[in-house]
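Chemist: Take a look at the following structure, please.
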Amino acid sequence: MPKGEGESVADRLSAVPLFASLSPRDLRTVASTGSVRSFAAGDTIVGKGDKGLGFYLILDGKVEVRAEGKTLATLGPNSFFGEMALFEEQPRTADVVATAPSRCLVLSRWEFWSELAHDPEVLRTLMAAVVGRLRATSKALSE
Ligand code: CMP
């Protein structure tokens with residue numbers, strides 16, 4: 001990633017709640033390690049059942065998380081998805097579809113753990129998201 005672009009993504013990352021505990025230096029490392037990908041409205045960013053390799057932080061836009069014909073959540077800037085695949089090599093638990101033109105910072109599982117595993121607050125926030133989302137998904141799919 002060109003230096004200037006890395007710096008502007010790093011600035012954006014300072015507003016991301018998941019990364020609130022990271023130093024400016026860590027944020028710059030995360031920004032320059034990940035790659036920024038753009039999606040059009042209607043694009044399926046991750047598909048339920050796919051092999052999951054990456055973690056996605058939404059920089060701009062809007063996505064819907066869907067499974068079994070139900071919309072489980074709508075996520076926007078500074079939210080993340082794909083975190084479940086960081087913890088185990090299992091298929092994606094839901095489709096995530098862009099519902100507006102969207103940009104995400106994408107980190108592979110390896111990049112994520114090498115840059116962020118040292119920070120207990122990041123891990124705690126991720127675990128809380130996984131637990132809350134699994135609970136919400138079971139509830140939505142049983143209704
Ligand atoms: P993963 O299973 O890797 O890929 C699909 C993603 O959808 C999943 O990680 C979560 O990030 C996200 N997801 C699944 N269920 C929910 C939910 N109930 N609310 C918000 N996001 C979810």
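Labeling convention for the structure tokens: chains A, B, ... as they appear, residues from 1 per chain, ligands from 1 in order of appearance.
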Return as a ChimeraX atom specification every polymer residue, whether protein, DNA or RNA, with at least one atom no more than 9 Å from an atom of ligand 1; count only C-alpha atoms and all ligand atoms.
Modeler: /A:46-56,64-67,71-75,80-88,90-96,129-130,132-140
Chemist: From a DSSP calculation on the backbone, collect every residue of segment 86-121 of chain A in alpha helix (DSSP H) and output the set as a list in words.
Modeler: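 Going through segment 86-121 of chain A, the alpha helix (DSSP H) residues come out as Leu86, Phe87, Arg109, Trp110, Glu111, Phe112, Trp113, Ser114, Glu115, Leu116, Pro120 and Glu121 of chain A.
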Chemist: Please return as an mmCIF file with N, CA, C and O atoms, in the first residue's frame: the residues of chain A that backbone DSSP assigns to strand (DSSP E).
Modeler:
data_model
loop_
_atom_site.group_PDB
_atom_site.id
_atom_site.type_symbol
_atom_site.label_atom_id
_atom_site.label_comp_id
_atom_site.auth_asym_id
_atom_site.auth_seq_id
_atom_site.Cartn_x
_atom_site.Cartn_y
_atom_site.Cartn_z
ATOM 1 N N SER A 35 -5.102 -4.937 3.492
ATOM 2 C CA SER A 35 -5.327 -4.341 2.179
ATOM 3 C C SER A 35 -6.744 -3.790 2.127
ATOM 4 O O SER A 35 -7.672 -4.363 2.712
ATOM 5 N N VAL A 36 -6.887 -2.660 1.434
ATOM 6 C CA VAL A 36 -8.208 -2.035 1.313
ATOM 7 C C VAL A 36 -8.885 -2.608 0.077
ATOM 8 O O VAL A 36 -8.296 -2.621 -1.007
ATOM 9 N N ARG A 37 -10.095 -3.139 0.278
ATOM 10 C CA ARG A 37 -10.849 -3.688 -0.871
ATOM 11 C C ARG A 37 -12.183 -2.981 -0.983
ATOM 12 O O ARG A 37 -12.817 -2.655 0.023
ATOM 13 N N SER A 38 -12.595 -2.752 -2.230
ATOM 14 C CA SER A 38 -13.865 -2.056 -2.493
ATOM 15 C C SER A 38 -14.887 -3.044 -3.024
ATOM 16 O O SER A 38 -14.541 -3.964 -3.772
ATOM 17 N N PHE A 39 -16.130 -2.816 -2.654
ATOM 18 C CA PHE A 39 -17.227 -3.687 -3.082
ATOM 19 C C PHE A 39 -18.383 -2.840 -3.579
ATOM 20 O O PHE A 39 -18.643 -1.754 -3.041
ATOM 21 N N THR A 44 -21.501 -10.131 -2.774
ATOM 22 C CA THR A 44 -21.365 -10.993 -1.587
ATOM 23 C C THR A 44 -19.885 -10.980 -1.200
ATOM 24 O O THR A 44 -19.033 -11.428 -1.958
ATOM 25 N N ILE A 45 -19.606 -10.424 -0.036
ATOM 26 C CA ILE A 45 -18.200 -10.266 0.383
ATOM 27 C C ILE A 45 -17.685 -11.575 0.951
ATOM 28 O O ILE A 45 -16.596 -12.020 0.633
ATOM 29 N N VAL A 46 -18.479 -12.188 1.847
ATOM 30 C CA VAL A 46 -18.153 -13.555 2.236
ATOM 31 C C VAL A 46 -19.430 -14.385 2.121
ATOM 32 O O VAL A 46 -20.531 -13.886 2.346
ATOM 33 N N GLY A 54 -10.216 -14.406 6.112
ATOM 34 C CA GLY A 54 -9.920 -13.007 6.412
ATOM 35 C C GLY A 54 -10.872 -12.352 7.391
ATOM 36 O O GLY A 54 -12.009 -12.801 7.606
ATOM 37 N N PHE A 55 -10.373 -11.277 7.970
ATOM 38 C CA PHE A 55 -11.122 -10.418 8.889
ATOM 39 C C PHE A 55 -11.355 -9.092 8.154
ATOM 40 O O PHE A 55 -10.450 -8.578 7.498
ATOM 41 N N TYR A 56 -12.560 -8.543 8.284
ATOM 42 C CA TYR A 56 -12.921 -7.331 7.546
ATOM 43 C C TYR A 56 -13.339 -6.229 8.514
ATOM 44 O O TYR A 56 -14.236 -6.437 9.342
ATOM 45 N N LEU A 57 -12.706 -5.089 8.354
ATOM 46 C CA LEU A 57 -13.116 -3.907 9.101
ATOM 47 C C LEU A 57 -13.750 -2.953 8.085
ATOM 48 O O LEU A 57 -13.119 -2.622 7.071
ATOM 49 N N ILE A 58 -14.986 -2.521 8.357
ATOM 50 C CA ILE A 58 -15.674 -1.659 7.385
ATOM 51 C C ILE A 58 -15.163 -0.225 7.538
ATOM 52 O O ILE A 58 -15.243 0.366 8.619
ATOM 53 N N LEU A 59 -14.624 0.313 6.463
ATOM 54 C CA LEU A 59 -14.160 1.716 6.466
ATOM 55 C C LEU A 59 -15.303 2.634 6.034
ATOM 56 O O LEU A 59 -15.523 3.693 6.609
ATOM 57 N N ASP A 60 -16.024 2.237 4.987
ATOM 58 C CA ASP A 60 -17.159 3.014 4.479
ATOM 59 C C ASP A 60 -18.191 2.042 3.961
ATOM 60 O O ASP A 60 -17.829 0.959 3.507
ATOM 61 N N VAL A 63 -23.209 -3.124 5.094
ATOM 62 C CA VAL A 63 -23.345 -4.537 4.717
ATOM 63 C C VAL A 63 -24.471 -5.173 5.531
ATOM 64 O O VAL A 63 -24.804 -4.679 6.614
ATOM 65 N N GLU A 64 -25.019 -6.251 4.973
ATOM 66 C CA GLU A 64 -25.991 -7.044 5.733
ATOM 67 C C GLU A 64 -25.433 -8.428 5.959
ATOM 68 O O GLU A 64 -24.816 -9.007 5.056
ATOM 69 N N VAL A 65 -25.684 -8.942 7.163
ATOM 70 C CA VAL A 65 -25.297 -10.313 7.507
ATOM 71 C C VAL A 65 -26.566 -11.148 7.379
ATOM 72 O O VAL A 65 -27.591 -10.819 7.995
ATOM 73 N N ARG A 66 -26.503 -12.178 6.537
ATOM 74 C CA ARG A 66 -27.717 -12.961 6.256
ATOM 75 C C ARG A 66 -27.459 -14.460 6.381
ATOM 76 O O ARG A 66 -26.385 -14.932 6.000
ATOM 77 N N ALA A 67 -28.462 -15.160 6.881
ATOM 78 C CA ALA A 67 -28.394 -16.632 6.903
ATOM 79 C C ALA A 67 -29.812 -17.163 6.864
ATOM 80 O O ALA A 67 -30.719 -16.569 7.454
ATOM 81 N N LYS A 70 -32.723 -14.917 6.436
ATOM 82 C CA LYS A 70 -32.994 -13.861 7.429
ATOM 83 C C LYS A 70 -31.830 -12.887 7.476
ATOM 84 O O LYS A 70 -30.673 -13.290 7.309
ATOM 85 N N THR A 71 -32.149 -11.615 7.736
ATOM 86 C CA THR A 71 -31.100 -10.626 7.949
ATOM 87 C C THR A 71 -30.785 -10.608 9.439
ATOM 88 O O THR A 71 -31.649 -10.298 10.261
ATOM 89 N N LEU A 72 -29.563 -10.979 9.768
ATOM 90 C CA LEU A 72 -29.175 -11.081 11.182
ATOM 91 C C LEU A 72 -28.685 -9.749 11.721
ATOM 92 O O LEU A 72 -28.805 -9.471 12.919
ATOM 93 N N ALA A 73 -28.079 -8.926 10.853
ATOM 94 C CA ALA A 73 -27.543 -7.636 11.316
ATOM 95 C C ALA A 73 -27.222 -6.765 10.116
ATOM 96 O O ALA A 73 -27.031 -7.265 9.006
ATOM 97 N N THR A 74 -27.224 -5.461 10.372
ATOM 98 C CA THR A 74 -26.739 -4.486 9.391
ATOM 99 C C THR A 74 -25.541 -3.810 10.043
ATOM 100 O O THR A 74 -25.632 -3.367 11.192
ATOM 101 N N LEU A 75 -24.430 -3.791 9.329
ATOM 102 C CA LEU A 75 -23.195 -3.235 9.898
ATOM 103 C C LEU A 75 -22.695 -2.080 9.025
ATOM 104 O O LEU A 75 -22.818 -2.121 7.807
ATOM 105 N N PHE A 80 -16.994 -4.598 12.267
ATOM 106 C CA PHE A 80 -16.160 -5.629 11.636
ATOM 107 C C PHE A 80 -16.969 -6.898 11.449
ATOM 108 O O PHE A 80 -18.014 -7.083 12.064
ATOM 109 N N PHE A 81 -16.466 -7.743 10.573
ATOM 110 C CA PHE A 81 -17.050 -9.079 10.414
ATOM 111 C C PHE A 81 -15.948 -10.042 9.949
ATOM 112 O O PHE A 81 -14.851 -9.611 9.598
ATOM 113 N N ASP A 95 -23.742 -15.255 5.166
ATOM 114 C CA ASP A 95 -23.353 -14.400 4.026
ATOM 115 C C ASP A 95 -23.185 -12.986 4.559
ATOM 116 O O ASP A 95 -23.950 -12.564 5.441
ATOM 117 N N VAL A 96 -22.242 -12.271 4.012
ATOM 118 C CA VAL A 96 -22.155 -10.831 4.288
ATOM 119 C C VAL A 96 -22.182 -10.139 2.929
ATOM 120 O O VAL A 96 -21.317 -10.387 2.073
ATOM 121 N N VAL A 97 -23.228 -9.324 2.720
ATOM 122 C CA VAL A 97 -23.492 -8.735 1.406
ATOM 123 C C VAL A 97 -23.440 -7.211 1.515
ATOM 124 O O VAL A 97 -24.053 -6.630 2.430
ATOM 125 N N ALA A 98 -22.725 -6.571 0.592
ATOM 126 C CA ALA A 98 -22.700 -5.099 0.577
ATOM 127 C C ALA A 98 -24.066 -4.599 0.106
ATOM 128 O O ALA A 98 -24.591 -5.084 -0.907
ATOM 129 N N SER A 102 -18.987 -0.142 -0.703
ATOM 130 C CA SER A 102 -18.318 -0.288 0.591
ATOM 131 C C SER A 102 -16.820 -0.490 0.410
ATOM 132 O O SER A 102 -16.375 -1.029 -0.608
ATOM 133 N N ARG A 103 -16.081 -0.051 1.418
ATOM 134 C CA ARG A 103 -14.634 -0.283 1.452
ATOM 135 C C ARG A 103 -14.290 -0.932 2.778
ATOM 136 O O ARG A 103 -14.762 -0.489 3.832
ATOM 137 N N CYS A 104 -13.476 -1.977 2.714
ATOM 138 C CA CYS A 104 -13.072 -2.679 3.934
ATOM 139 C C CYS A 104 -11.564 -2.807 3.987
ATOM 140 O O CYS A 104 -10.908 -2.958 2.947
ATOM 141 N N LEU A 105 -11.038 -2.760 5.209
ATOM 142 C CA LEU A 105 -9.641 -3.136 5.424
ATOM 143 C C LEU A 105 -9.649 -4.627 5.751
ATOM 144 O O LEU A 105 -10.358 -5.053 6.676
ATOM 145 N N VAL A 106 -8.919 -5.403 4.961
ATOM 146 C CA VAL A 106 -8.961 -6.854 5.107
ATOM 147 C C VAL A 106 -7.620 -7.353 5.637
ATOM 148 O O VAL A 106 -6.561 -6.985 5.117
ATOM 149 N N LEU A 107 -7.685 -8.160 6.684
ATOM 150 C CA LEU A 107 -6.475 -8.777 7.240
ATOM 151 C C LEU A 107 -6.642 -10.290 7.188
ATOM 152 O O LEU A 107 -7.711 -10.804 7.545
ATOM 153 N N SER A 108 -5.614 -10.980 6.736
ATOM 154 C CA SER A 108 -5.679 -12.447 6.775
ATOM 155 C C SER A 108 -5.595 -12.903 8.228
ATOM 156 O O SER A 108 -5.184 -12.138 9.111
#
Chemist: Would you mind telling me which residue in A:Ser14, A:Ser142, A:Thr125, A:Ser79 lies nearest to Asp26 of chain A when using only C-alpha atoms?
Modeler: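 Between A:Ser14, A:Ser142, A:Thr125, A:Ser79, the residue approaching Asp26 of chain A most closely is A:Ser14.
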Chemist: Of the candidates A:Gly61, A:Pro77, A:Pro24, A:Gly69, which one gets nearest to Ala41 of chain A if we count only C-alpha atoms?
Modeler: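 Residue with the minimum atom-to-atom distance to Ala41 of chain A: A:Gly61.
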Chemist: Rounded to one decimal place, report the atom CA of Ala128 of chain A-atom CA of Ala100 of chain A distance in Å.
Modeler: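 Atom-to-atom, atom CA of Ala128 of chain A and atom CA of Ala100 of chain A are spaced 26.8 Å apart.
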Chemist: Quick one: residues within 12 Å of Ser21 of chain A, only C-alpha atoms counted, chain neighbours fewer than 6 positions away excluded, as a short mmCIF file (atom, residue, chain, number, x, y, z; two decimals) with all heavy atoms, in the first residue's frame?
Modeler:
data_model
loop_
_atom_site.label_atom_id
_atom_site.label_comp_id
_atom_site.auth_asym_id
_atom_site.auth_seq_id
_atom_site.Cartn_x
_atom_site.Cartn_y
_atom_site.Cartn_z
N LEU A 13 -8.51 4.46 11.53
CA LEU A 13 -8.58 3.37 12.51
C LEU A 13 -8.63 3.87 13.94
O LEU A 13 -9.08 3.17 14.84
CB LEU A 13 -7.38 2.42 12.34
CG LEU A 13 -7.30 1.68 11.00
CD1 LEU A 13 -6.17 0.66 11.04
CD2 LEU A 13 -8.61 1.00 10.65
N SER A 14 -8.17 5.11 14.16
CA SER A 14 -8.19 5.62 15.54
C SER A 14 -9.62 5.83 16.04
O SER A 14 -9.84 5.95 17.24
CB SER A 14 -7.37 6.90 15.65
OG SER A 14 -7.94 7.87 14.83
N ALA A 15 -10.61 5.82 15.13
CA ALA A 15 -12.01 5.98 15.55
C ALA A 15 -12.71 4.63 15.71
O ALA A 15 -13.91 4.58 16.01
CB ALA A 15 -12.76 6.82 14.51
N LEU A 27 -1.59 1.23 15.16
CA LEU A 27 -2.61 1.52 14.14
C LEU A 27 -1.97 1.65 12.76
O LEU A 27 -2.51 1.16 11.77
CB LEU A 27 -3.37 2.81 14.48
CG LEU A 27 -4.25 2.75 15.72
CD1 LEU A 27 -4.88 4.12 15.99
CD2 LEU A 27 -5.35 1.70 15.55
N LEU A 116 -2.10 -8.35 16.22
CA LEU A 116 -3.06 -7.93 17.24
C LEU A 116 -3.20 -8.86 18.45
O LEU A 116 -3.83 -8.48 19.44
CB LEU A 116 -4.44 -7.73 16.60
CG LEU A 116 -4.45 -6.54 15.62
CD1 LEU A 116 -5.65 -6.60 14.70
CD2 LEU A 116 -4.44 -5.23 16.38
N HIS A 118 -1.30 -9.57 20.72
CA HIS A 118 -0.64 -9.14 21.97
C HIS A 118 -1.55 -8.23 22.79
O HIS A 118 -1.22 -7.93 23.94
CB HIS A 118 0.66 -8.39 21.64
CG HIS A 118 0.40 -7.09 20.92
ND1 HIS A 118 0.19 -7.03 19.56
CD2 HIS A 118 0.28 -5.83 21.37
CE1 HIS A 118 -0.02 -5.77 19.21
NE2 HIS A 118 0.01 -5.02 20.28
N ASP A 119 -2.66 -7.78 22.23
CA ASP A 119 -3.47 -6.78 22.94
C ASP A 119 -4.71 -7.43 23.58
O ASP A 119 -5.66 -7.80 22.89
CB ASP A 119 -3.91 -5.69 21.95
CG ASP A 119 -4.53 -4.53 22.71
OD1 ASP A 119 -5.60 -4.73 23.32
OD2 ASP A 119 -3.94 -3.44 22.72
N PRO A 120 -4.74 -7.54 24.92
CA PRO A 120 -5.86 -8.23 25.56
C PRO A 120 -7.20 -7.55 25.34
O PRO A 120 -8.24 -8.22 25.27
CB PRO A 120 -5.50 -8.22 27.05
CG PRO A 120 -4.26 -7.45 27.20
CD PRO A 120 -3.71 -7.09 25.85
N GLU A 121 -7.19 -6.22 25.20
CA GLU A 121 -8.48 -5.53 24.99
C GLU A 121 -9.08 -5.86 23.64
O GLU A 121 -10.30 -6.01 23.50
CB GLU A 121 -8.29 -4.00 25.10
CG GLU A 121 -8.53 -3.46 26.49
CD GLU A 121 -9.87 -3.91 27.08
OE1 GLU A 121 -10.93 -3.58 26.51
OE2 GLU A 121 -9.87 -4.61 28.10
N VAL A 122 -8.23 -5.96 22.61
CA VAL A 122 -8.73 -6.34 21.29
C VAL A 122 -9.34 -7.74 21.37
O VAL A 122 -10.44 -7.99 20.86
CB VAL A 122 -7.59 -6.29 20.23
CG1 VAL A 122 -8.06 -6.87 18.90
CG2 VAL A 122 -7.10 -4.86 20.04
N LEU A 123 -8.65 -8.63 22.04
CA LEU A 123 -9.15 -10.01 22.16
C LEU A 123 -10.47 -10.07 22.92
O LEU A 123 -11.40 -10.77 22.54
CB LEU A 123 -8.11 -10.90 22.85
CG LEU A 123 -6.78 -11.02 22.12
CD1 LEU A 123 -5.87 -11.99 22.86
CD2 LEU A 123 -7.00 -11.50 20.70
N ARG A 124 -10.55 -9.28 24.01
CA ARG A 124 -11.78 -9.27 24.80
C ARG A 124 -12.96 -8.76 23.97
O ARG A 124 -14.04 -9.31 23.98
CB ARG A 124 -11.59 -8.39 26.05
CG ARG A 124 -12.60 -8.65 27.15
CD ARG A 124 -12.68 -7.49 28.12
NE ARG A 124 -13.05 -6.25 27.43
CZ ARG A 124 -14.28 -5.94 27.04
NH1 ARG A 124 -15.27 -6.77 27.24
NH2 ARG A 124 -14.52 -4.80 26.41
N THR A 125 -12.73 -7.68 23.22
CA THR A 125 -13.80 -7.12 22.39
C THR A 125 -14.24 -8.11 21.31
O THR A 125 -15.43 -8.26 21.03
CB THR A 125 -13.35 -5.79 21.74
OG1 THR A 125 -12.85 -4.95 22.77
CG2 THR A 125 -14.47 -5.10 21.01
#
Chemist: What lies within 9 Å of Arg12 of chain A using only C-alpha atoms, ignoring chain neighbours under 4 positions off, as a list in words?
Modeler: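 Neighbouring residues, sequence-local ones excluded: Glu7, Ser8, Val16, Leu59 and Asn78 of chain A.
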Chemist: For atom CA of Thr33 of chain A and atom CA of Phe19 of chain A, quote the distance in Å rounded to one decimal.
Modeler: 14.6 Å
Chemist: What is the distance between atom CA of Gly34 of chain A and atom CA of Gly76 of chain A, in Å to one decimal?
Modeler: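 Straight-line distance from atom CA of Gly34 of chain A to atom CA of Gly76 of chain A works out to 18.6 Å.
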